[in-house]
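Visitor: For reference, the structure I am asking about is given below.
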Amino acid sequence: MESISNPLYFFSNLSLNPPSCSNVVRFIDVLEFFFVAHPLSGRKEGEEHKRIMYFHPKSENIERQSEITGFAEATVNFTDNFLSTSRRDVAENLNDNDDGFDFRAVSTQRTEHVYIRTEDNQFMLGVSISKQLSLVSNYPLFQPAIRSILSDAYKMFRMFFGTFSSFIKNGPDDIPKFKERLDFFFSKYIPLLKVHKMPLLDHLGGVEFLRMSGPLYLNVVSLITELREEFPIIEKIMFLYQDKLLYYQLSKRDLPSLFRYLTHNLLPTTLAPELEHSGRNASKGRYLRGPTDLTTDAPLFGDESLSVVHLHSEQDPEFREDLIGYQMMVYRCLNATVCMFVRNDGSNGEMGFRRSSDSSQSSSTRSTPPQNGVVSRRLLRNIDQFLETELAQVASKIGDEIGDEKLADNTDFHYIYFNPSSLSMTSSLSTSPSLSVSASGSTSSSKVSLPPVDVNRLVCDTMSNFVSDTEEFGECFVKSSSDWWIVIKKVNSRLLVLILPPSSYTSSLADVQSKTATIVKSHFEAIFFS
Amino acid sequence: MEVEVPGGSAEATDTGSEASFKVSQREIEDVEENLKNAEAIFEHLEQLPFQVFILSEFGKPIFVNNDRDEGEVVSLAALICAFVSRCQSWGDSLMSMTSQDNHIQFLHKSPLIFCVVSKYAEQLDQQLEVLFEQICSILSKSQLENVYKKKGDNYDLRKLLRGTDRLIDSSISSWRASPINLVDSSISAIPMNPSDREFFSTTMASCMGAAKLDGALFGIMIARRQIAAIVRFKKYVIHPRDLNILINLVSDTTLQTDSQNWVPICLPRFNDTGFFYAYISYPWCNKDQDIPACLVLLSVKRDHFDGLKEVRQQIVNKLENNAKFFTNFSQAVKTPNLYQISQIGSNSESLWSFLYLNHSSRQVCMSASKIPLITRTERWMARCEMRRSSALSTRHPHLRTLFVRGTKHCLFVWVTDLFSLYCIFGPFVTAAVSFQVVEKLLKSLKSHEQRYFIINTTSF
C-alpha cells in the first residue's frame, strides 16, 4: 500500500515531540475525537453506524461513534430551525467555496466540537477538542481556528485523493474502498498534525513568502517563463526557496494546502539525504519524487510513477468546484524547489505533447505502452537538463542575497502579518519546520519570550470581536494585567498583529502608539503602508 | 408602558428603546392572524433578537416568547431536551451551539432547561441565569425542585406559573435595553441632589425602624427601573440581581394602580428557599402628581401587611410635608437629570457615550444620550459595542485597556479593580486625547459621586 508513488509516503514521522517551549502543540494531544460521516448512509433505523466513514480514536466503541455522529447531524438540523430567511437562501447556495464551509460549533463543559459540511452537504467532518487537555497543553481554544484546521484536513485529503463524492459515485459498494482511503490518510495526517499555540495563525492560513530584491525576483520570473515556454505541458508551477514561497502560478485555493504539504512534509524528509550527500555534487539538481534512473525510457510504473494531486483549474471562475488531477514533479537544487504540475488527463496530455517543441517526446509516449500519467522519463530528463544549470544559477544568487541579510527575527516583539489578497503571512510565532533551521544554519531565536496563553487567547478574541472581516481599516490596542500589549492594525485589508512584552517603554497607550509607529516604520514599511 | 431605561434620552421620555421594543414583542401576538404563510412568520421571528424556550427536563414546554405553532414548539422542546440529556449521558453538560448566524445557549438547572437563540453571542449564559432566577422568584427554588417529585414528570408547570409569563417576557425585553451583565448584575441610581437622597433615606429608615416590625428588612424606592433610595435592616444586603427581579416586578403595568399590592416573592440570591412579602405601592401614581415612583417594603412575615401599610403612609406623609424636597424629588423622577457629557468640560465633544460600573457597589452610571447616538439603532449599536467589550473583559479578567478605532467610532475600555469604564468616542479621536477626556470624566464623576450613586445604604 505504501508505495513511493503515494504522496503520503512522505508523511513520515518527523519530530513527534515538540519541546514544551515550542510554538506548536500536537493536535492529538488536545483531540478528543475526529470523524468523517456520510449521513445518507445511516438513514435506516438500526443502521445509523453506517454513516461513520472514519472515526478517530479507533478504540472508541461503535455505539458512541454513532451517538457522536448522530449528535452532530442533529445539531445541524436543529440549528437550521433558526436560520433567518436571508440566510436560508444563502445556505442553499452555499457550495463549499473554500472560505465558506457551512459549520456548526457546540460547546460543552468539557469539550468544544466543530462540524463542517462539504460537497453539497453530503459529508460531514467533525472534531472535538478537550478543554482540559488544551488547558494542560497551553493551547487556547479558538473556534474559528479549529474550523480552519478541520477544513484544511479535508482540503489536504481532497488534494491527494479527490472529492469524497468521487469515491462513492457508483453507489454503496464503493464505501469500503472510501473508508480504506480515509483511514489510510487520516491515520497518518492526524497524529502528525501540529497546531499553533497562537491559533490565529492556523485560522488565517497564509503562506510565507521570501522577501527579495526586484532584480532577483525578475530572474526567478524569467526562469519560470522560459521553463513554461520550453515545456508548455506544465500548467501550474510553484517556486520555493528553503521553506518560503517565491512565486506561484496556481489557484489561490490550492496554495495553502500545497505549501503546507511541501514545507511540512515533503521537503523536510528530503533534507536528511541532502545533508548526507552535501559533499559531492552539491549544486546538482534532482527530483524529489519519481524515478531515480532517468537514463532509460522505460515506462513509469508503481513506485516510480509520480503522484497525482487534485487542483482547481485556474481559468475556471473561482466558485467552480471541479478538481483536475495533476502529476506533480518536484525538482530541487541548492535549497530552491520548483514544483511543476502536468495535467493527468489522457487527451489533454496528448495535446500538450503535440504543442511541445520537443516532438520526439510525443512519439516516445505513443510508442510505449500506457503508463501511469503522461509524465515520462524523457520529459523528466529534459526538464532536468533545462533546470540543472538555470536553476542552480538563480538559486545561488538567492542564496547570496539572503545570506547577506540578517535574519529579521532579532526583534523585541512578536508579530503576525497577513495579506489576504496574496495570502502572504509572516510571523514570529509560526513554526519553522526543522528545514529552515538546519538549512540556514541558525536557530531563529527571538529575544522575547513567547506570549503567555492568556495573551494569545486575548489576541484571538479581540480579533474576532473587534476587527471586522468586512472593514478594510481598523486599529486596536489592548493591554492585559500582565502588561503585555496587543496591537492590531488593519490597513487596506492587510493585517498586522503586534504583541509587545512588558517593558518600561510601553506603559501608556500613547507610548504604545509611538512604539507601534516605530516598528511599522522599521520592519513593515515595505509591505505595510501606514 | 412608560418604562424609561437607564441612560435613556435626556430630553425625550418615550423614546426608550425598551418601551418600544416591548411593543414590538406584543405586536407579534396582535398580528398573529395576519401571518398566513410560513415565510412571513420567519421574517417576523427574525426581528426577535432573542427567542427563548423554557421547558422541563422531561421535555415539556413551559414558556416560549415566539409565535411558533404548538406542534413546532413541542418538537423543538423535545430536541432541546434530547441534546441536553445526551450530553449528560456523556458525563458532560451542553452549553452552546453556534452556526453561521445564530448563537444558541443552553442552561440546565434541574428540573428546568432554558434555551435562548440569538444573533448576539454575548452574555447569553448570564441571561438564562437571570431567567432561572426570575422563575425562582415566583416559585422559590425548593418548591420548583419538589413540584415534579410530587406531581410526576409530566406535570405542566404552566399551571403554577399562570399569569407570570409577562414577567418573563419583560425580563427578556430588558435584555435588549441594557448591556446585560452591567445592568442585571448591577443597578443604577436615579440622579438626585445628595441632600435630597439623604433626607429620603433617613426618612424611610426612621419610619421603618420606628415601626419595630421584626422581619421587615428592606425599603426601596424604584423609579424608571432605577433606584431612588434604599434602606436596610442592620447589615442585611440585597443582591443587584434580586433588586432587578423586584424592578422587573414593579415595572409590570398591571400593578401600577393607586391601590396597594401584597406579593410573595422569592429573592433567590438572598434565600432561594423562602419568600419575602413585598408591599408594593405607587404612592403618586394616577393622582394629579403622576410621579412614576414605586415604594417596595420587604418583610419575611406574611402578617406584616397592615404594619407596612402604616409605614408606607408615614413615609409618604413625611416626604410630602417637606415641600422643597418633594418638588426636587418629583422633578428628579419625572425628568431624570442624567449625566451630561458636557459636564466634563473642554474637549469632551469627541466623547459620545459612556458607561461606568463601580465594582464594589455594582452601580452603573450611563451618560445621557447625545448626538450622534440618538435614534434607537444608534443607541443599540453603542450598547452592542459595550456588551461586546464587557463580555470580552468577563472572558479575560486580565484585560485592562482596550482601544478600538473603527471607521464609524472608537471604543475605549478601561478596567481596574475598582471600576470598568466603557466609552464610545468619535472616529477621529486619538488614543491620547481619549485618555485625557476619560481622566477628566473620572474626576467629574468623583466630584458628583453622590448625585449619581448611592454611596451608603442607610440602615435602621
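So you can find residues: chains in the C-alpha cells are A, B, ... in the order shown, residues in each start at 1, and ligands are numbered from 1 in order.
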Can you pull out the residues contacting region 236-253 of chain B? Cut-off 8 Å, using only C-alpha atoms, and skip same-chain residues under 6 positions away; I want them as a ChimeraX atom specification.

Guide: /B:1,3,130,134,137,166-167,170-171,184-187,217,222,225-226,267-270,280,294,362

Visitor: Atoms to include: N, CA and C atoms. Write the selected residues as a PDB file, in the first residue's frame.

Guide:
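The resulting out.pdb:
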```
ATOM      1  N   MET B   1     -46.996  51.547  29.872  1.00  0.00           N
ATOM      2  CA  MET B   1     -45.754  51.135  29.193  1.00  0.00           C
ATOM      3  C   MET B   1     -44.710  52.233  29.270  1.00  0.00           C
ATOM      4  N   VAL B   3     -41.810  52.946  30.483  1.00  0.00           N
ATOM      5  CA  VAL B   3     -40.627  52.480  31.178  1.00  0.00           C
ATOM      6  C   VAL B   3     -39.410  53.148  30.568  1.00  0.00           C
ATOM      7  N   VAL B 130     -30.493  34.696  34.684  1.00  0.00           N
ATOM      8  CA  VAL B 130     -31.474  35.684  35.135  1.00  0.00           C
ATOM      9  C   VAL B 130     -32.886  35.117  35.016  1.00  0.00           C
ATOM     10  N   GLN B 134     -35.608  34.443  37.765  1.00  0.00           N
ATOM     11  CA  GLN B 134     -36.932  35.036  37.625  1.00  0.00           C
ATOM     12  C   GLN B 134     -38.010  34.005  37.974  1.00  0.00           C
ATOM     13  N   SER B 137     -38.066  33.291  41.591  1.00  0.00           N
ATOM     14  CA  SER B 137     -38.694  34.341  42.383  1.00  0.00           C
ATOM     15  C   SER B 137     -40.200  34.112  42.488  1.00  0.00           C
ATOM     16  N   ARG B 166     -45.800  37.363  31.584  1.00  0.00           N
ATOM     17  CA  ARG B 166     -45.413  38.734  31.231  1.00  0.00           C
ATOM     18  C   ARG B 166     -44.175  39.185  32.007  1.00  0.00           C
ATOM     19  N   LEU B 167     -43.969  38.604  33.198  1.00  0.00           N
ATOM     20  CA  LEU B 167     -42.742  38.938  33.938  1.00  0.00           C
ATOM     21  C   LEU B 167     -41.520  38.399  33.211  1.00  0.00           C
ATOM     22  N   SER B 170     -41.026  40.492  30.118  1.00  0.00           N
ATOM     23  CA  SER B 170     -40.431  41.811  30.303  1.00  0.00           C
ATOM     24  C   SER B 170     -38.975  41.675  30.726  1.00  0.00           C
ATOM     25  N   SER B 171     -38.657  40.578  31.397  1.00  0.00           N
ATOM     26  CA  SER B 171     -37.254  40.339  31.729  1.00  0.00           C
ATOM     27  C   SER B 171     -36.446  40.170  30.442  1.00  0.00           C
ATOM     28  N   ASP B 184     -28.081  43.761  34.809  1.00  0.00           N
ATOM     29  CA  ASP B 184     -28.771  42.764  35.600  1.00  0.00           C
ATOM     30  C   ASP B 184     -27.959  42.294  36.800  1.00  0.00           C
ATOM     31  N   SER B 185     -26.654  42.487  36.738  1.00  0.00           N
ATOM     32  CA  SER B 185     -25.895  42.195  37.948  1.00  0.00           C
ATOM     33  C   SER B 185     -25.515  43.482  38.630  1.00  0.00           C
ATOM     34  N   SER B 186     -26.155  44.524  38.213  1.00  0.00           N
ATOM     35  CA  SER B 186     -25.849  45.809  38.813  1.00  0.00           C
ATOM     36  C   SER B 186     -27.097  46.668  38.713  1.00  0.00           C
ATOM     37  N   ILE B 187     -27.063  47.783  39.370  1.00  0.00           N
ATOM     38  CA  ILE B 187     -28.226  48.660  39.356  1.00  0.00           C
ATOM     39  C   ILE B 187     -27.749  50.062  39.042  1.00  0.00           C
ATOM     40  N   LEU B 217     -37.222  43.909  56.351  1.00  0.00           N
ATOM     41  CA  LEU B 217     -35.780  44.038  56.160  1.00  0.00           C
ATOM     42  C   LEU B 217     -35.360  45.171  55.217  1.00  0.00           C
ATOM     43  N   ILE B 222     -38.258  52.762  43.843  1.00  0.00           N
ATOM     44  CA  ILE B 222     -37.826  52.486  42.474  1.00  0.00           C
ATOM     45  C   ILE B 222     -38.546  53.439  41.527  1.00  0.00           C
ATOM     46  N   ARG B 225     -37.024  52.102  36.521  1.00  0.00           N
ATOM     47  CA  ARG B 225     -36.096  50.971  36.602  1.00  0.00           C
ATOM     48  C   ARG B 225     -34.777  51.348  37.274  1.00  0.00           C
ATOM     49  N   GLN B 226     -34.806  52.410  38.043  1.00  0.00           N
ATOM     50  CA  GLN B 226     -33.617  52.811  38.769  1.00  0.00           C
ATOM     51  C   GLN B 226     -33.973  52.947  40.243  1.00  0.00           C
ATOM     52  N   LEU B 267     -36.451  35.944  46.639  1.00  0.00           N
ATOM     53  CA  LEU B 267     -35.269  36.601  46.089  1.00  0.00           C
ATOM     54  C   LEU B 267     -34.114  35.604  46.175  1.00  0.00           C
ATOM     55  N   PRO B 268     -33.869  34.905  45.064  1.00  0.00           N
ATOM     56  CA  PRO B 268     -33.009  33.710  45.113  1.00  0.00           C
ATOM     57  C   PRO B 268     -31.596  33.977  45.613  1.00  0.00           C
ATOM     58  N   ARG B 269     -31.079  35.173  45.354  1.00  0.00           N
ATOM     59  CA  ARG B 269     -29.721  35.429  45.827  1.00  0.00           C
ATOM     60  C   ARG B 269     -29.701  35.650  47.335  1.00  0.00           C
ATOM     61  N   PHE B 270     -30.841  36.043  47.879  1.00  0.00           N
ATOM     62  CA  PHE B 270     -30.921  36.257  49.319  1.00  0.00           C
ATOM     63  C   PHE B 270     -31.173  34.924  50.005  1.00  0.00           C
ATOM     64  N   ILE B 280     -46.131  46.579  47.853  1.00  0.00           N
ATOM     65  CA  ILE B 280     -45.793  47.414  46.700  1.00  0.00           C
ATOM     66  C   ILE B 280     -46.848  48.487  46.524  1.00  0.00           C
ATOM     67  N   CYS B 294     -42.188  53.984  42.754  1.00  0.00           N
ATOM     68  CA  CYS B 294     -42.807  52.841  43.413  1.00  0.00           C
ATOM     69  C   CYS B 294     -42.082  52.546  44.713  1.00  0.00           C
ATOM     70  N   ARG B 362     -21.583  47.721  42.645  1.00  0.00           N
ATOM     71  CA  ARG B 362     -22.306  47.209  41.480  1.00  0.00           C
ATOM     72  C   ARG B 362     -23.300  48.234  40.949  1.00  0.00           C
TER      73      ARG B 362
END
```

Visitor: Which chain B residues are at most 8 Å from chain A (counting only C-alpha atoms), as a VMD selection string?

Guide: chain B and resid 39 42 to 43 46 76 79 83 87 92 to 102 117 388 392 396 398 to 407 431 to 432

Visitor: Return the single residue from A:Leu391, A:Leu262, A:Cys339, A:Ile52 that is closest to Asn219 (chain A), with distances computed using only C-alpha atoms.

Guide: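 Comparing A:Leu391, A:Leu262, A:Cys339, A:Ile52 against Asn219 (chain A), the winner is A:Leu391.
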
Visitor: Give me the residues near Ser348 (chain B) as number ranges by chain, where near means some atom within 10 Å (using only C-alpha atoms) and where sequence neighbours in that chain fewer than 6 positions away do not count.

Guide: B: 341-342, 425, 433-434, 436-438, 440-441

Visitor: Extract, using only C-alpha atoms, all DNA, RNA and protein residues at most 10 Å from Leu258 (chain A), discarding same-chain residues fewer than 2 positions from it, and format them as an mmCIF file with N, CA and C atoms, in the first residue's frame.

Guide:
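Result file part.cif:
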```cif
data_model
loop_
_atom_site.group_PDB
_atom_site.id
_atom_site.type_symbol
_atom_site.label_atom_id
_atom_site.label_comp_id
_atom_site.auth_asym_id
_atom_site.auth_seq_id
_atom_site.Cartn_x
_atom_site.Cartn_y
_atom_site.Cartn_z
ATOM 1 N N LYS A 155 -9.284 19.571 2.888
ATOM 2 C CA LYS A 155 -8.685 20.017 1.628
ATOM 3 C C LYS A 155 -7.436 19.214 1.298
ATOM 4 N N MET A 156 -6.702 18.858 2.348
ATOM 5 C CA MET A 156 -5.491 18.076 2.107
ATOM 6 C C MET A 156 -5.859 16.700 1.551
ATOM 7 N N MET A 159 -6.950 17.105 -1.975
ATOM 8 C CA MET A 159 -5.858 17.378 -2.898
ATOM 9 C C MET A 159 -5.211 16.070 -3.366
ATOM 10 N N PHE A 160 -5.085 15.130 -2.453
ATOM 11 C CA PHE A 160 -4.418 13.884 -2.836
ATOM 12 C C PHE A 160 -5.356 12.856 -3.443
ATOM 13 N N VAL A 207 0.653 31.764 3.596
ATOM 14 C CA VAL A 207 1.925 31.113 3.264
ATOM 15 C C VAL A 207 3.033 32.150 3.403
ATOM 16 N N MET A 238 5.159 26.234 -8.944
ATOM 17 C CA MET A 238 5.421 26.869 -7.653
ATOM 18 C C MET A 238 6.925 26.918 -7.489
ATOM 19 N N ARG A 253 -6.713 28.900 -4.093
ATOM 20 C CA ARG A 253 -7.406 27.995 -3.179
ATOM 21 C C ARG A 253 -6.574 26.764 -2.847
ATOM 22 N N ASP A 254 -5.656 26.428 -3.753
ATOM 23 C CA ASP A 254 -4.831 25.248 -3.500
ATOM 24 C C ASP A 254 -3.530 25.595 -2.815
ATOM 25 N N LEU A 255 -3.199 26.874 -2.858
ATOM 26 C CA LEU A 255 -1.870 27.271 -2.408
ATOM 27 C C LEU A 255 -1.560 26.862 -0.963
ATOM 28 N N PRO A 256 -2.440 27.193 -0.001
ATOM 29 C CA PRO A 256 -2.072 26.854 1.379
ATOM 30 C C PRO A 256 -1.832 25.363 1.602
ATOM 31 N N ARG A 260 1.764 23.853 2.510
ATOM 32 C CA ARG A 260 1.903 23.180 3.793
ATOM 33 C C ARG A 260 2.488 21.779 3.608
ATOM 34 N N TYR A 261 1.967 21.096 2.592
ATOM 35 C CA TYR A 261 2.466 19.750 2.321
ATOM 36 C C TYR A 261 3.953 19.791 1.984
ATOM 37 N N LEU A 262 4.316 20.733 1.116
ATOM 38 C CA LEU A 262 5.717 20.799 0.701
ATOM 39 C C LEU A 262 6.636 21.150 1.854
ATOM 40 N N THR A 263 6.267 22.204 2.580
ATOM 41 C CA THR A 263 7.197 22.686 3.601
ATOM 42 C C THR A 263 7.170 21.837 4.866
ATOM 43 N N HIS A 264 6.025 21.244 5.159
ATOM 44 C CA HIS A 264 5.946 20.485 6.400
ATOM 45 C C HIS A 264 6.226 19.003 6.207
ATOM 46 N N VAL A 309 -1.984 15.078 -7.740
ATOM 47 C CA VAL A 309 -2.732 15.929 -6.818
ATOM 48 C C VAL A 309 -3.917 16.527 -7.566
ATOM 49 N N LEU A 311 -6.212 19.604 -8.180
ATOM 50 C CA LEU A 311 -6.172 21.050 -8.003
ATOM 51 C C LEU A 311 -7.312 21.715 -8.755
ATOM 52 N N CYS A 339 8.216 23.265 -8.279
ATOM 53 C CA CYS A 339 7.160 22.272 -8.246
ATOM 54 C C CYS A 339 6.335 22.457 -9.507
#
```

Visitor: What lies within 12 Å of Glu320 (chain B) using only C-alpha atoms, ignoring chain neighbours under 3 positions off, as an MDAnalysis selection string?

Guide: chainID B and resid 199:200 203 283:284 289 313:317 323:330

Visitor: Just to be explicit: take each residue in the selection above, keep C-alpha atoms, and write the result as a short mmCIF file (atom, residue, chain, number, x, y, z; two decimals), in the first residue's frame.

Guide:
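File produced: part13.cif:
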```
data_model
loop_
_atom_site.label_atom_id
_atom_site.label_comp_id
_atom_site.auth_asym_id
_atom_site.auth_seq_id
_atom_site.Cartn_x
_atom_site.Cartn_y
_atom_site.Cartn_z
CA PHE B 199 -33.35 63.09 53.57
CA PHE B 200 -35.20 60.41 51.64
CA THR B 203 -36.96 59.30 56.46
CA PRO B 283 -48.00 56.50 46.13
CA TRP B 284 -48.17 59.20 43.49
CA GLN B 289 -48.83 64.44 40.53
CA GLN B 313 -48.30 56.16 54.96
CA GLN B 314 -45.79 57.68 57.36
CA ILE B 315 -43.06 57.76 54.73
CA VAL B 316 -45.36 59.33 52.18
CA ASN B 317 -46.58 61.92 54.66
CA ALA B 323 -42.18 70.78 50.14
CA LYS B 324 -38.72 71.66 48.94
CA PHE B 325 -37.66 68.04 48.89
CA PHE B 326 -40.83 66.89 47.27
CA THR B 327 -40.57 69.33 44.39
CA ASN B 328 -36.99 68.31 43.76
CA PHE B 329 -37.88 64.65 44.05
CA SER B 330 -40.78 64.71 41.64
#
```

Visitor: How far is it from CA of Phe428 (chain B) to CA of Ser346 (chain B), in Å with one decimal?

Guide: 16.4 Å

Visitor: Nearest to Ile455 (chain B) among B:Leu160, B:Ile230, B:Met204, B:Ile135, with distances taken over only C-alpha atoms: which residue is it?

Guide: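 Under the stated criterion, the closest residue is B:Ile230.
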
Visitor: Could you check which of B:Pro336, B:Gly215, B:Gly274, B:Gly71 is closest to Ile291 (chain B), using only C-alpha atoms?

Guide: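 Checking each of B:Pro336, B:Gly215, B:Gly274, B:Gly71 against Ile291 (chain B), counting only C-alpha atoms, the winner is B:Pro336.
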
Visitor: Using only C-alpha atoms, find the one residue out of A:Ile234, A:Leu334, A:Thr518, A:Phe184 that sits nearest to Thr389 (chain A).

Guide: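 For Thr389 (chain A), the nearest of the given residues is A:Leu334.
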
Visitor: As number ranges by chain, please: every residue in region 37-137 of chain A that a backbone DSSP assignment puts in helix (DSSP H, G or I).

Guide: A: 39-42, 48-51, 62-80, 85-93, 131-136

Visitor: Only N, CA and C atoms, please: the residues just picked out, written as a short mmCIF file (atom, residue, chain, number, x, y, z; two decimals), in the first residue's frame.

Guide:
```
data_model
loop_
_atom_site.label_atom_id
_atom_site.label_comp_id
_atom_site.auth_asym_id
_atom_site.auth_seq_id
_atom_site.Cartn_x
_atom_site.Cartn_y
_atom_site.Cartn_z
N PRO A 39 -24.03 11.11 6.23
CA PRO A 39 -25.33 10.89 6.87
C PRO A 39 -26.30 10.03 6.04
N LEU A 40 -26.24 10.18 4.72
CA LEU A 40 -27.17 9.42 3.88
C LEU A 40 -27.04 7.91 4.08
N SER A 41 -25.84 7.46 4.36
CA SER A 41 -25.63 6.02 4.50
C SER A 41 -26.20 5.48 5.80
N GLY A 42 -26.52 6.37 6.73
CA GLY A 42 -27.02 5.87 8.00
C GLY A 42 -28.47 6.22 8.24
N GLU A 48 -27.59 3.22 11.87
CA GLU A 48 -27.03 4.56 12.00
C GLU A 48 -25.50 4.56 11.92
N HIS A 49 -24.91 3.48 12.42
CA HIS A 49 -23.45 3.44 12.45
C HIS A 49 -22.85 3.45 11.05
N LYS A 50 -23.69 3.13 10.06
CA LYS A 50 -23.16 3.06 8.69
C LYS A 50 -22.77 4.42 8.14
N ARG A 51 -23.26 5.49 8.83
CA ARG A 51 -22.86 6.81 8.33
C ARG A 51 -21.41 7.13 8.66
N ILE A 62 -18.49 1.36 18.90
CA ILE A 62 -19.32 1.76 17.75
C ILE A 62 -20.56 2.53 18.19
N GLU A 63 -21.10 2.18 19.37
CA GLU A 63 -22.29 2.91 19.82
C GLU A 63 -21.99 4.38 20.05
N ARG A 64 -20.88 4.61 20.71
CA ARG A 64 -20.56 6.00 21.00
C ARG A 64 -20.22 6.74 19.69
N GLN A 65 -19.57 6.03 18.78
CA GLN A 65 -19.31 6.65 17.47
C GLN A 65 -20.62 7.08 16.82
N SER A 66 -21.63 6.20 16.91
CA SER A 66 -22.93 6.53 16.34
C SER A 66 -23.56 7.70 17.07
N GLU A 67 -23.43 7.69 18.39
CA GLU A 67 -24.02 8.77 19.18
C GLU A 67 -23.41 10.11 18.79
N ILE A 68 -22.10 10.11 18.68
CA ILE A 68 -21.40 11.37 18.39
C ILE A 68 -21.76 11.89 17.01
N THR A 69 -21.73 11.00 16.02
CA THR A 69 -22.06 11.47 14.67
C THR A 69 -23.54 11.84 14.58
N GLY A 70 -24.37 11.10 15.30
CA GLY A 70 -25.80 11.42 15.31
C GLY A 70 -26.05 12.76 15.95
N PHE A 71 -25.33 13.04 17.01
CA PHE A 71 -25.45 14.32 17.70
C PHE A 71 -25.09 15.45 16.75
N ALA A 72 -24.01 15.24 16.00
CA ALA A 72 -23.57 16.26 15.06
C ALA A 72 -24.64 16.51 14.00
N GLU A 73 -25.19 15.44 13.49
CA GLU A 73 -26.21 15.58 12.45
C GLU A 73 -27.43 16.30 13.01
N ALA A 74 -27.82 15.92 14.23
CA ALA A 74 -28.98 16.54 14.86
C ALA A 74 -28.72 18.02 15.12
N THR A 75 -27.49 18.35 15.46
CA THR A 75 -27.16 19.76 15.71
C THR A 75 -27.40 20.59 14.45
N VAL A 76 -26.96 20.04 13.33
CA VAL A 76 -27.16 20.75 12.07
C VAL A 76 -28.65 20.97 11.81
N ASN A 77 -29.41 19.91 11.97
CA ASN A 77 -30.85 20.03 11.70
C ASN A 77 -31.53 20.98 12.67
N PHE A 78 -31.13 20.89 13.92
CA PHE A 78 -31.75 21.73 14.94
C PHE A 78 -31.47 23.21 14.67
N THR A 79 -30.22 23.53 14.42
CA THR A 79 -29.88 24.93 14.22
C THR A 79 -30.52 25.48 12.94
N ASP A 80 -30.78 24.59 11.99
CA ASP A 80 -31.45 25.05 10.77
C ASP A 80 -32.82 25.63 11.05
N THR A 85 -34.45 34.13 7.22
CA THR A 85 -34.86 33.98 5.83
C THR A 85 -33.74 34.29 4.87
N SER A 86 -33.03 35.36 5.17
CA SER A 86 -31.97 35.75 4.24
C SER A 86 -30.91 34.65 4.18
N ARG A 87 -30.59 34.10 5.38
CA ARG A 87 -29.57 33.08 5.43
C ARG A 87 -30.02 31.79 4.75
N ARG A 88 -31.30 31.51 4.84
CA ARG A 88 -31.84 30.31 4.24
C ARG A 88 -31.43 30.19 2.78
N ASP A 89 -31.61 31.30 2.07
CA ASP A 89 -31.27 31.28 0.64
C ASP A 89 -29.77 31.09 0.46
N VAL A 90 -29.04 31.82 1.28
CA VAL A 90 -27.59 31.71 1.16
C VAL A 90 -27.15 30.28 1.43
N ALA A 91 -27.72 29.70 2.49
CA ALA A 91 -27.31 28.35 2.86
C ALA A 91 -27.55 27.38 1.72
N GLU A 92 -28.63 27.60 0.99
CA GLU A 92 -28.91 26.69 -0.11
C GLU A 92 -27.87 26.82 -1.21
N ASN A 93 -27.40 28.06 -1.40
CA ASN A 93 -26.42 28.27 -2.47
C ASN A 93 -25.00 28.09 -2.01
N LYS A 131 -11.33 20.52 26.54
CA LYS A 131 -10.95 21.78 27.18
C LYS A 131 -9.86 21.55 28.23
N GLN A 132 -9.97 20.43 28.91
CA GLN A 132 -8.99 20.09 29.93
C GLN A 132 -7.60 19.93 29.31
N LEU A 133 -7.55 19.13 28.22
CA LEU A 133 -6.26 18.86 27.59
C LEU A 133 -5.66 20.13 26.99
N SER A 134 -6.52 20.98 26.44
CA SER A 134 -5.97 22.18 25.83
C SER A 134 -5.43 23.11 26.91
N LEU A 135 -6.04 23.05 28.07
CA LEU A 135 -5.53 23.83 29.19
C LEU A 135 -4.14 23.34 29.59
N VAL A 136 -4.05 22.01 29.68
CA VAL A 136 -2.78 21.40 30.07
C VAL A 136 -1.70 21.72 29.04
#
```

Visitor: Give me, as a list in words, all polymer residues having an atom no more than 10 Å from Ser213 (chain A), counting only C-alpha atoms and skipping those fewer than 6 positions away in the same chain.

Guide: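 Final neighbour list, sorted by chain and number: Ile398, Glu401 and Ile402 of chain A.
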
Visitor: Restricted to C-alpha atoms, what would the selected residues look like written as a PDB file, in the first residue's frame?

Guide:
```
ATOM      1  CA  ILE A 398      19.157  33.956  -3.991  1.00  0.00           C
ATOM      2  CA  GLU A 401      21.284  37.730  -1.297  1.00  0.00           C
ATOM      3  CA  ILE A 402      19.518  36.309   1.703  1.00  0.00           C
TER       4      ILE A 402
END
```
